[in-house]
>>> print(open('input.txt').read())   # compact mmCIF, C-alpha atoms and all ligand atoms
# COMPACT_ATOMS: atom_id res chain seq x y z
CA MET A 1 8.28 -23.59 -3.76
CA THR A 2 11.57 -24.49 -5.51
CA GLU A 3 10.85 -21.71 -7.97
CA LEU A 4 11.20 -19.27 -5.07
CA THR A 5 14.55 -20.46 -3.79
CA ASN A 6 16.59 -18.10 -5.96
CA LEU A 7 14.40 -15.16 -5.12
CA LYS A 8 15.11 -12.76 -2.28
CA GLN A 9 11.74 -13.09 -0.57
CA ILE A 10 8.02 -12.76 -1.05
CA ALA A 11 6.46 -9.32 -0.89
CA LEU A 12 2.73 -8.65 -0.75
CA VAL A 13 1.44 -5.46 -2.36
CA THR A 14 -2.19 -4.54 -1.79
CA GLY A 15 -3.78 -2.29 -4.38
CA ALA A 16 -1.29 -3.57 -6.94
CA SER A 17 -3.67 -3.16 -9.87
CA SER A 18 -2.82 0.49 -10.55
CA GLY A 19 -0.97 3.65 -9.54
CA LEU A 20 1.47 3.46 -6.65
CA GLY A 21 0.87 -0.22 -5.89
CA LYS A 22 1.62 -1.24 -9.45
CA ALA A 23 4.75 0.97 -9.53
CA ILE A 24 5.98 -0.49 -6.21
CA ALA A 25 5.34 -4.05 -7.44
CA LEU A 26 7.38 -3.39 -10.60
CA ARG A 27 10.27 -1.95 -8.58
CA LEU A 28 10.19 -4.89 -6.13
CA VAL A 29 10.41 -7.35 -9.00
CA GLU A 30 13.55 -5.53 -10.19
CA GLN A 31 15.00 -6.24 -6.74
CA ASN A 32 14.26 -9.93 -7.24
CA TYR A 33 11.22 -10.20 -5.01
CA HIS A 34 8.40 -12.59 -5.81
CA VAL A 35 5.45 -10.22 -5.58
CA VAL A 36 1.91 -11.14 -4.54
CA LEU A 37 -0.48 -8.81 -6.32
CA ALA A 38 -3.66 -8.30 -4.29
CA SER A 39 -6.70 -6.19 -5.10
CA ARG A 40 -10.22 -6.65 -6.48
CA ASN A 41 -9.89 -6.00 -10.23
CA ILE A 42 -8.56 -9.21 -11.79
CA GLU A 43 -8.34 -7.80 -15.33
CA LYS A 44 -6.08 -4.97 -14.16
CA LEU A 45 -4.01 -7.37 -12.05
CA GLU A 46 -3.51 -9.58 -15.12
CA ILE A 47 -2.10 -6.57 -17.00
CA VAL A 48 0.40 -5.96 -14.18
CA LYS A 49 1.27 -9.67 -14.11
CA ASN A 50 1.98 -9.63 -17.87
CA GLU A 51 4.19 -6.60 -17.47
CA ILE A 52 6.13 -8.32 -14.67
CA GLU A 53 6.50 -11.57 -16.59
CA ASN A 54 7.68 -9.69 -19.67
CA LYS A 55 10.58 -8.53 -17.47
CA SER A 56 11.14 -12.14 -16.38
CA GLY A 57 9.83 -11.29 -12.92
CA LYS A 58 7.80 -13.58 -10.68
CA CYS A 59 4.41 -12.76 -9.24
CA THR A 60 1.16 -14.31 -8.08
CA ILE A 61 -2.29 -12.77 -8.30
CA ILE A 62 -4.59 -13.30 -5.33
CA PRO A 63 -7.84 -11.37 -5.80
CA THR A 64 -8.64 -9.60 -2.52
CA ASP A 65 -10.97 -7.05 -1.04
CA VAL A 66 -8.94 -5.76 1.91
CA SER A 67 -12.03 -4.44 3.68
CA LEU A 68 -13.52 -7.94 4.02
CA GLU A 69 -12.23 -10.20 6.78
CA SER A 70 -13.01 -13.41 4.84
CA SER A 71 -11.19 -12.13 1.76
CA VAL A 72 -8.09 -11.20 3.78
CA GLN A 73 -8.18 -14.59 5.50
CA HIS A 74 -8.25 -16.25 2.06
CA LEU A 75 -5.25 -14.11 1.04
CA VAL A 76 -3.30 -15.20 4.13
CA THR A 77 -4.09 -18.87 3.47
CA GLU A 78 -3.06 -18.65 -0.20
CA CYS A 79 0.15 -16.77 0.66
CA ASP A 80 1.05 -19.46 3.23
CA LYS A 81 1.15 -21.94 0.34
CA LEU A 82 3.77 -19.79 -1.42
CA GLY A 83 6.04 -19.40 1.61
CA PHE A 84 7.01 -16.73 4.11
CA VAL A 85 5.82 -13.23 3.25
CA GLY A 86 8.56 -11.05 4.72
CA THR A 87 7.42 -7.74 3.27
CA VAL A 88 3.88 -6.37 3.32
CA ILE A 89 3.01 -3.15 1.53
CA ASN A 90 -0.34 -1.84 2.77
CA ASN A 91 -1.21 0.39 -0.15
CA SER A 92 -4.90 -0.11 -1.05
CA GLY A 93 -6.81 3.10 -0.61
CA LEU A 94 -9.12 5.70 -2.02
CA GLY A 95 -9.96 9.35 -1.51
CA LEU A 96 -13.46 10.82 -1.75
CA PHE A 97 -13.48 14.57 -1.17
CA SER A 98 -16.32 16.95 -0.33
CA LYS A 99 -17.52 19.60 2.07
CA ILE A 100 -18.46 18.11 5.43
CA SER A 101 -22.13 19.04 4.89
CA ASN A 102 -22.17 16.89 1.72
CA HIS A 103 -19.94 14.10 3.03
CA SER A 104 -21.97 10.92 2.66
CA THR A 105 -21.88 8.18 5.27
CA GLU A 106 -21.17 5.69 2.48
CA ASP A 107 -18.04 7.59 1.42
CA TRP A 108 -16.90 7.84 5.05
CA ASP A 109 -17.43 4.12 5.62
CA GLN A 110 -15.69 3.12 2.39
CA MET A 111 -12.56 5.14 3.19
CA ILE A 112 -12.40 3.90 6.78
CA ASN A 113 -13.04 0.32 5.67
CA VAL A 114 -10.42 0.22 2.93
CA ASN A 115 -7.77 2.70 4.08
CA LEU A 116 -7.80 1.82 7.79
CA ARG A 117 -9.70 -1.41 8.51
CA GLY A 118 -8.06 -3.05 5.47
CA ALA A 119 -4.57 -2.23 6.75
CA PHE A 120 -5.50 -3.58 10.20
CA LEU A 121 -6.85 -6.86 8.76
CA ILE A 122 -3.82 -7.33 6.52
CA SER A 123 -1.35 -6.53 9.30
CA ARG A 124 -3.05 -8.85 11.77
CA GLY A 125 -3.00 -11.62 9.17
CA PHE A 126 0.69 -11.42 8.28
CA ILE A 127 2.41 -10.29 11.49
CA PRO A 128 2.29 -13.65 13.35
CA ALA A 129 4.54 -15.37 10.79
CA MET A 130 6.96 -12.41 10.99
CA GLN A 131 7.01 -12.66 14.78
CA ASN A 132 7.78 -16.39 14.56
CA ARG A 133 10.75 -15.63 12.31
CA LYS A 134 11.79 -12.46 14.15
CA GLN A 135 11.98 -10.61 10.85
CA GLY A 136 9.72 -8.66 8.58
CA THR A 137 8.91 -5.32 7.02
CA LEU A 138 5.57 -3.55 7.06
CA VAL A 139 4.97 -0.50 4.90
CA PHE A 140 1.91 1.70 5.22
CA VAL A 141 1.29 3.89 2.20
CA ASN A 142 -0.22 6.85 3.97
CA SER A 143 -0.43 10.44 2.65
CA VAL A 144 0.41 13.98 3.61
CA ALA A 145 -3.25 13.83 4.70
CA GLY A 146 -2.08 11.52 7.50
CA LYS A 147 0.02 14.37 8.90
CA TRP A 148 -1.96 17.53 8.16
CA GLY A 149 -5.70 18.17 8.17
CA TYR A 150 -6.61 19.37 4.69
CA PRO A 151 -10.06 20.91 4.14
CA PHE A 152 -12.82 19.10 2.22
CA SER A 153 -11.13 15.82 3.15
CA ALA A 154 -12.61 14.88 6.54
CA GLY A 155 -13.08 11.15 5.89
CA TYR A 156 -9.83 10.76 3.99
CA VAL A 157 -7.80 12.67 6.59
CA ALA A 158 -9.46 10.72 9.43
CA SER A 159 -8.65 7.39 7.74
CA LYS A 160 -5.02 8.40 7.15
CA TYR A 161 -4.49 9.83 10.66
CA GLY A 162 -5.86 6.51 11.89
CA LEU A 163 -3.48 4.67 9.60
CA ARG A 164 -0.54 6.65 11.00
CA GLY A 165 -1.68 5.72 14.51
CA LEU A 166 -1.91 2.06 13.53
CA ALA A 167 1.61 2.14 12.08
CA ASP A 168 3.09 4.01 15.07
CA SER A 169 1.50 1.61 17.52
CA LEU A 170 2.62 -1.49 15.62
CA ARG A 171 6.15 -0.10 15.23
CA ASN A 172 6.52 0.13 18.99
CA GLU A 173 4.80 -3.20 19.63
CA LEU A 174 6.96 -5.06 17.12
CA ARG A 175 10.43 -3.59 17.78
CA SER A 176 11.44 -6.55 19.93
CA ASP A 177 10.42 -8.91 17.11
CA HIS A 178 12.81 -7.11 14.72
CA ILE A 179 9.93 -6.10 12.47
CA LYS A 180 10.51 -2.84 10.63
CA VAL A 181 7.55 -0.50 10.19
CA THR A 182 7.63 2.36 7.69
CA SER A 183 4.95 5.00 7.07
CA VAL A 184 5.11 6.71 3.69
CA HIS A 185 3.43 10.09 3.34
CA PRO A 186 3.31 11.23 -0.30
CA GLY A 187 1.86 14.46 -1.61
CA ALA A 188 -0.19 14.39 -4.82
CA VAL A 189 0.79 11.66 -7.28
CA ASP A 190 -0.58 11.37 -10.82
CA SER A 191 -2.64 8.17 -10.66
CA PRO A 192 -6.22 6.92 -11.21
CA PHE A 193 -6.80 7.98 -7.57
CA TRP A 194 -7.82 11.39 -8.97
CA ASP A 195 -10.02 10.11 -11.84
CA ASN A 196 -13.34 10.42 -10.05
CA THR A 197 -12.63 13.22 -7.60
CA LYS A 198 -13.90 16.77 -7.85
CA ALA A 199 -10.41 18.11 -7.08
CA ASN A 200 -9.17 19.98 -10.12
CA PHE A 201 -5.41 19.77 -9.62
CA PRO A 202 -3.21 19.71 -12.75
CA ARG A 203 -2.22 16.05 -13.07
CA HIS A 204 0.89 16.79 -15.12
CA GLU A 205 2.27 18.86 -12.23
CA MET A 206 1.94 16.01 -9.72
CA MET A 207 4.71 13.58 -8.75
CA GLN A 208 4.98 10.34 -10.72
CA ASP A 209 4.07 7.04 -9.09
CA ASP A 210 7.57 5.74 -9.75
CA ASP A 211 9.11 8.65 -7.76
CA VAL A 212 7.40 7.24 -4.69
CA ALA A 213 7.94 3.59 -5.63
CA LYS A 214 11.71 4.07 -5.85
CA MET A 215 11.77 5.68 -2.42
CA VAL A 216 9.68 2.89 -0.88
CA VAL A 217 11.91 0.17 -2.28
CA GLN A 218 15.03 2.07 -1.20
CA ALA A 219 13.60 2.31 2.34
CA ILE A 220 12.71 -1.35 2.67
CA THR A 221 16.01 -2.56 1.29
CA LEU A 222 17.93 -0.60 3.94
CA SER A 223 20.32 -3.13 5.33
CA GLY A 224 21.24 -4.03 8.88
CA ASN A 225 19.76 -2.80 12.11
CA ALA A 226 18.23 0.35 10.64
CA VAL A 227 14.73 1.34 9.64
CA ASN A 228 13.37 4.36 7.82
CA GLU A 229 10.36 4.94 10.08
CA GLU A 230 8.68 7.75 8.24
CA ILE A 231 9.02 9.16 4.75
CA VAL A 232 7.44 12.41 3.56
CA ILE A 233 7.72 12.88 -0.19
CA ARG A 234 6.24 15.97 -1.82
CA ARG A 235 6.46 18.05 -4.96
CA VAL A 236 9.31 20.51 -4.77
CA GLN A 237 6.70 23.30 -5.04
CA GLY A 238 4.72 21.88 -2.08
CA ASP A 239 1.04 20.96 -1.96
CA PHE A 240 -1.57 22.23 -4.39
N1 LIG A 301 -2.43 9.52 -5.81
C1 LIG A 301 -2.13 10.33 -4.83
O1 LIG A 301 -2.06 11.56 -5.00
C2 LIG A 301 -1.82 9.79 -3.46
C3 LIG A 301 -1.13 10.62 -2.56
C4 LIG A 301 -0.85 10.16 -1.29
C5 LIG A 301 -1.23 8.89 -0.93
N2 LIG A 301 -1.89 8.09 -1.82
C6 LIG A 301 -2.28 6.76 -1.37
O2 LIG A 301 -1.64 5.81 -2.19
C7 LIG A 301 -2.40 4.61 -2.20
C8 LIG A 301 -2.55 4.15 -3.62
O3 LIG A 301 -3.28 5.12 -4.33
P1 LIG A 301 -3.04 5.40 -5.89
O4 LIG A 301 -2.72 6.83 -6.05
O5 LIG A 301 -2.15 4.39 -6.47
O6 LIG A 301 -4.55 5.21 -6.42
P2 LIG A 301 -5.17 4.16 -7.43
O7 LIG A 301 -4.38 4.11 -8.69
O8 LIG A 301 -6.62 4.50 -7.49
O9 LIG A 301 -4.98 2.75 -6.70
C9 LIG A 301 -5.74 2.37 -5.60
C10 LIG A 301 -5.57 0.88 -5.41
O10 LIG A 301 -6.34 0.50 -4.27
C11 LIG A 301 -7.03 -0.68 -4.61
N3 LIG A 301 -8.24 -0.84 -3.82
C12 LIG A 301 -9.27 0.03 -3.67
N4 LIG A 301 -10.22 -0.52 -2.89
C13 LIG A 301 -9.77 -1.76 -2.54
C14 LIG A 301 -10.29 -2.81 -1.77
N5 LIG A 301 -11.50 -2.74 -1.17
N6 LIG A 301 -9.54 -3.94 -1.63
C15 LIG A 301 -8.35 -4.06 -2.24
N7 LIG A 301 -7.78 -3.09 -2.96
C16 LIG A 301 -8.51 -1.95 -3.13
C17 LIG A 301 -7.35 -0.56 -6.10
O11 LIG A 301 -7.48 -1.85 -6.68
P3 LIG A 301 -8.82 -2.56 -7.17
O12 LIG A 301 -9.72 -1.52 -7.73
O13 LIG A 301 -8.31 -3.56 -8.15
O14 LIG A 301 -9.38 -3.21 -5.93
C18 LIG A 301 -6.06 0.10 -6.61
O15 LIG A 301 -5.13 -0.87 -6.95
C19 LIG A 301 -3.71 4.93 -1.48
O16 LIG A 301 -3.64 4.42 -0.16
C20 LIG A 301 -3.75 6.44 -1.47
O17 LIG A 301 -4.46 6.94 -0.36
C21 LIG A 301 -2.18 8.52 -3.08
>>> encode(input="input.txt", output="structure tokens", more="lines below")
Ligand SMILES: NC(=O)c1ccc[n+]([C@@H]2O[C@H](COP(=O)([O-])OP(=O)(O)OC[C@H]3O[C@@H](n4cnc5c(N)ncnc54)[C@H](OP(=O)(O)O)[C@@H]3O)[C@@H](O)[C@H]2O)c1
Amino acid sequence: MTELTNLKQIALVTGASSGLGKAIALRLVEQNYHVVLASRNIEKLEIVKNEIENKSGKCTIIPTDVSLESSVQHLVTECDKLGFVGTVINNSGLGLFSKISNHSTEDWDQMINVNLRGAFLISRGFIPAMQNRKQGTLVFVNSVAGKWGYPFSAGYVASKYGLRGLADSLRNELRSDHIKVTSVHPGAVDSPFWDNTKANFPRHEMMQDDDVAKMVVQAITLSGNAVNEEIVIRRVQGDF
């Protein structure tokens, strides 16, 4: 615990093993946060941890499957041992795209379970400590698919509209507890997200993960009695 005294606060990043989560974790470390790296792939998390420690940053890996209640409960218990988690970045997610006639139930369930149920379980686990302290920041990494209904994306769009609803509801429920809630809606970002999708968008024309990470960290470090409630960040040229 003494190790944490010089640090600003503890931030949890789910899905920190790659893409946006990794980029956000690296930017948070620059701002002197102790970052908890949570996702399933321990080898990838170790790579992120090494990168952070090479920059003299502090982090802790807690392997987590956000879709599993027992795994999220374990994460909450382990984080309690570190101290107060004042910032939670709900970022874990995946997109599986197809025509509705080919949309498998398994793909639907996986997206709802990770993108939406996971964010619910994480939020429910960490909000009580924030309410006790009357402070905290919750970020939901959503998508432009949480604002507009793109074709061939029924399950993904449904999960992200649900995520926007979850964030909007929590924002209003938690105002009196001084908990800030931010929804981030990025357009296409070059990350492993696209590795196994049928979408054939040119990766080199997408935004970079760090473009979004910088904006997220800027939003959550907004001082005083102000909150950036919703961020839409897109390519200058618009969607593909
Ligand atoms: N890339 C884009 O174009 C784009 C655009 C808008 C929004 N987003 C959103 O941004 C977020 C991050 O995506 P990304 O682009 O960074 O993709 P990514 O590189 O594929 O990262 C996804 C992350 O989610 C984690 N994850 C997946 N299932 C999980 C589970 N059951 N439990 C815990 N973690 C899990 C993965 O970690 P493990 O495999 O280690 O579990 C990984 O760290 C997602 O919510 C996505 O919807 C992406």
>>> atom_distance(input="input.txt", atom1="atom CA of Thr87 of chain A", atom2="atom CA of Arg235 of chain A")
27.1 Å
>>> atom_distance(input="input.txt", atom1="atom CA of Arg164 of chain A", atom2="atom CA of Ile100 of chain A")
22.0 Å
>>> residues_near_ligand(input="input.txt", ligand="ligand LIG 301 (chain A)", cutoff="7 Å", atoms="all atoms listed in the file", output="mmCIF file with C-alpha atoms, in the coordinates of the input")
data_model
loop_
_atom_site.group_PDB
_atom_site.id
_atom_site.type_symbol
_atom_site.label_atom_id
_atom_site.label_comp_id
_atom_site.auth_asym_id
_atom_site.auth_seq_id
_atom_site.Cartn_x
_atom_site.Cartn_y
_atom_site.Cartn_z
ATOM 1 C CA THR A 14 -2.190 -4.540 -1.790
ATOM 2 C CA GLY A 15 -3.780 -2.290 -4.380
ATOM 3 C CA ALA A 16 -1.290 -3.570 -6.940
ATOM 4 C CA SER A 17 -3.670 -3.160 -9.870
ATOM 5 C CA SER A 18 -2.820 0.490 -10.550
ATOM 6 C CA GLY A 19 -0.970 3.650 -9.540
ATOM 7 C CA LEU A 20 1.470 3.460 -6.650
ATOM 8 C CA GLY A 21 0.870 -0.220 -5.890
ATOM 9 C CA ALA A 38 -3.660 -8.300 -4.290
ATOM 10 C CA SER A 39 -6.700 -6.190 -5.100
ATOM 11 C CA ARG A 40 -10.220 -6.650 -6.480
ATOM 12 C CA ASN A 41 -9.890 -6.000 -10.230
ATOM 13 C CA ILE A 42 -8.560 -9.210 -11.790
ATOM 14 C CA LYS A 44 -6.080 -4.970 -14.160
ATOM 15 C CA LEU A 45 -4.010 -7.370 -12.050
ATOM 16 C CA THR A 64 -8.640 -9.600 -2.520
ATOM 17 C CA ASP A 65 -10.970 -7.050 -1.040
ATOM 18 C CA VAL A 66 -8.940 -5.760 1.910
ATOM 19 C CA SER A 67 -12.030 -4.440 3.680
ATOM 20 C CA ASN A 91 -1.210 0.390 -0.150
ATOM 21 C CA SER A 92 -4.900 -0.110 -1.050
ATOM 22 C CA GLY A 93 -6.810 3.100 -0.610
ATOM 23 C CA LEU A 94 -9.120 5.700 -2.020
ATOM 24 C CA GLY A 95 -9.960 9.350 -1.510
ATOM 25 C CA VAL A 114 -10.420 0.220 2.930
ATOM 26 C CA ASN A 115 -7.770 2.700 4.080
ATOM 27 C CA VAL A 141 1.290 3.890 2.200
ATOM 28 C CA ASN A 142 -0.220 6.850 3.970
ATOM 29 C CA SER A 143 -0.430 10.440 2.650
ATOM 30 C CA VAL A 144 0.410 13.980 3.610
ATOM 31 C CA HIS A 185 3.430 10.090 3.340
ATOM 32 C CA PRO A 186 3.310 11.230 -0.300
ATOM 33 C CA GLY A 187 1.860 14.460 -1.610
ATOM 34 C CA ALA A 188 -0.190 14.390 -4.820
ATOM 35 C CA VAL A 189 0.790 11.660 -7.280
ATOM 36 C CA ASP A 190 -0.580 11.370 -10.820
ATOM 37 C CA SER A 191 -2.640 8.170 -10.660
ATOM 38 C CA PRO A 192 -6.220 6.920 -11.210
ATOM 39 C CA PHE A 193 -6.800 7.980 -7.570
ATOM 40 C CA TRP A 194 -7.820 11.390 -8.970
#
>>> residues_near_point(input="input.txt", point="(0.4, 12.0, 7.8)", cutoff="12 Å", atoms="all atoms listed in the file", output="PyMOL selection string")
chain A and resi 140-150+156-168+183-187+230-234
>>> closest_residue(input="input.txt", among="A:Gln110, A:Asn200, A:Gln208, A:Thr221", to="Ala11 of chain A", atoms="all atoms listed in the file")
A:Thr221
>>> atom_distance(input="input.txt", atom1="atom CA of Phe84 of chain A", atom2="atom CA of Val217 of chain A")
18.7 Å
>>> closest_residue(input="input.txt", among="A:Cys79, A:Gly238, A:Ile89, A:Met130", to="Ala219 of chain A", atoms="only C-alpha atoms")
A:Ile89
>>> closest_residue(input="input.txt", among="A:Arg203, A:Asn113, A:Val181, A:Asn90", to="Ile220 of chain A", atoms="all atoms listed in the file")
A:Val181
>>> closest_residue(input="input.txt", among="A:Leu12, A:Ala154, A:Leu82, A:Ala213", to="Ser101 of chain A", atoms="all atoms listed in the file")
A:Ala154
>>> closest_residue(input="input.txt", among="A:Leu174, A:Ala226, A:Val36, A:Ala25", to="Asp80 of chain A", atoms="only C-alpha atoms")
A:Val36
>>> closest_residue(input="input.txt", among="A:Ile47, A:Ile10, A:Ile112, A:Val236", to="Gln31 of chain A", atoms="all atoms listed in the file")
A:Ile10
>>> residues_around(input="input.txt", residues="Ile127 of chain A", least_positions_apart="4", cutoff="9 Å", atoms="all atoms listed in the file", output="count of residues only")
8
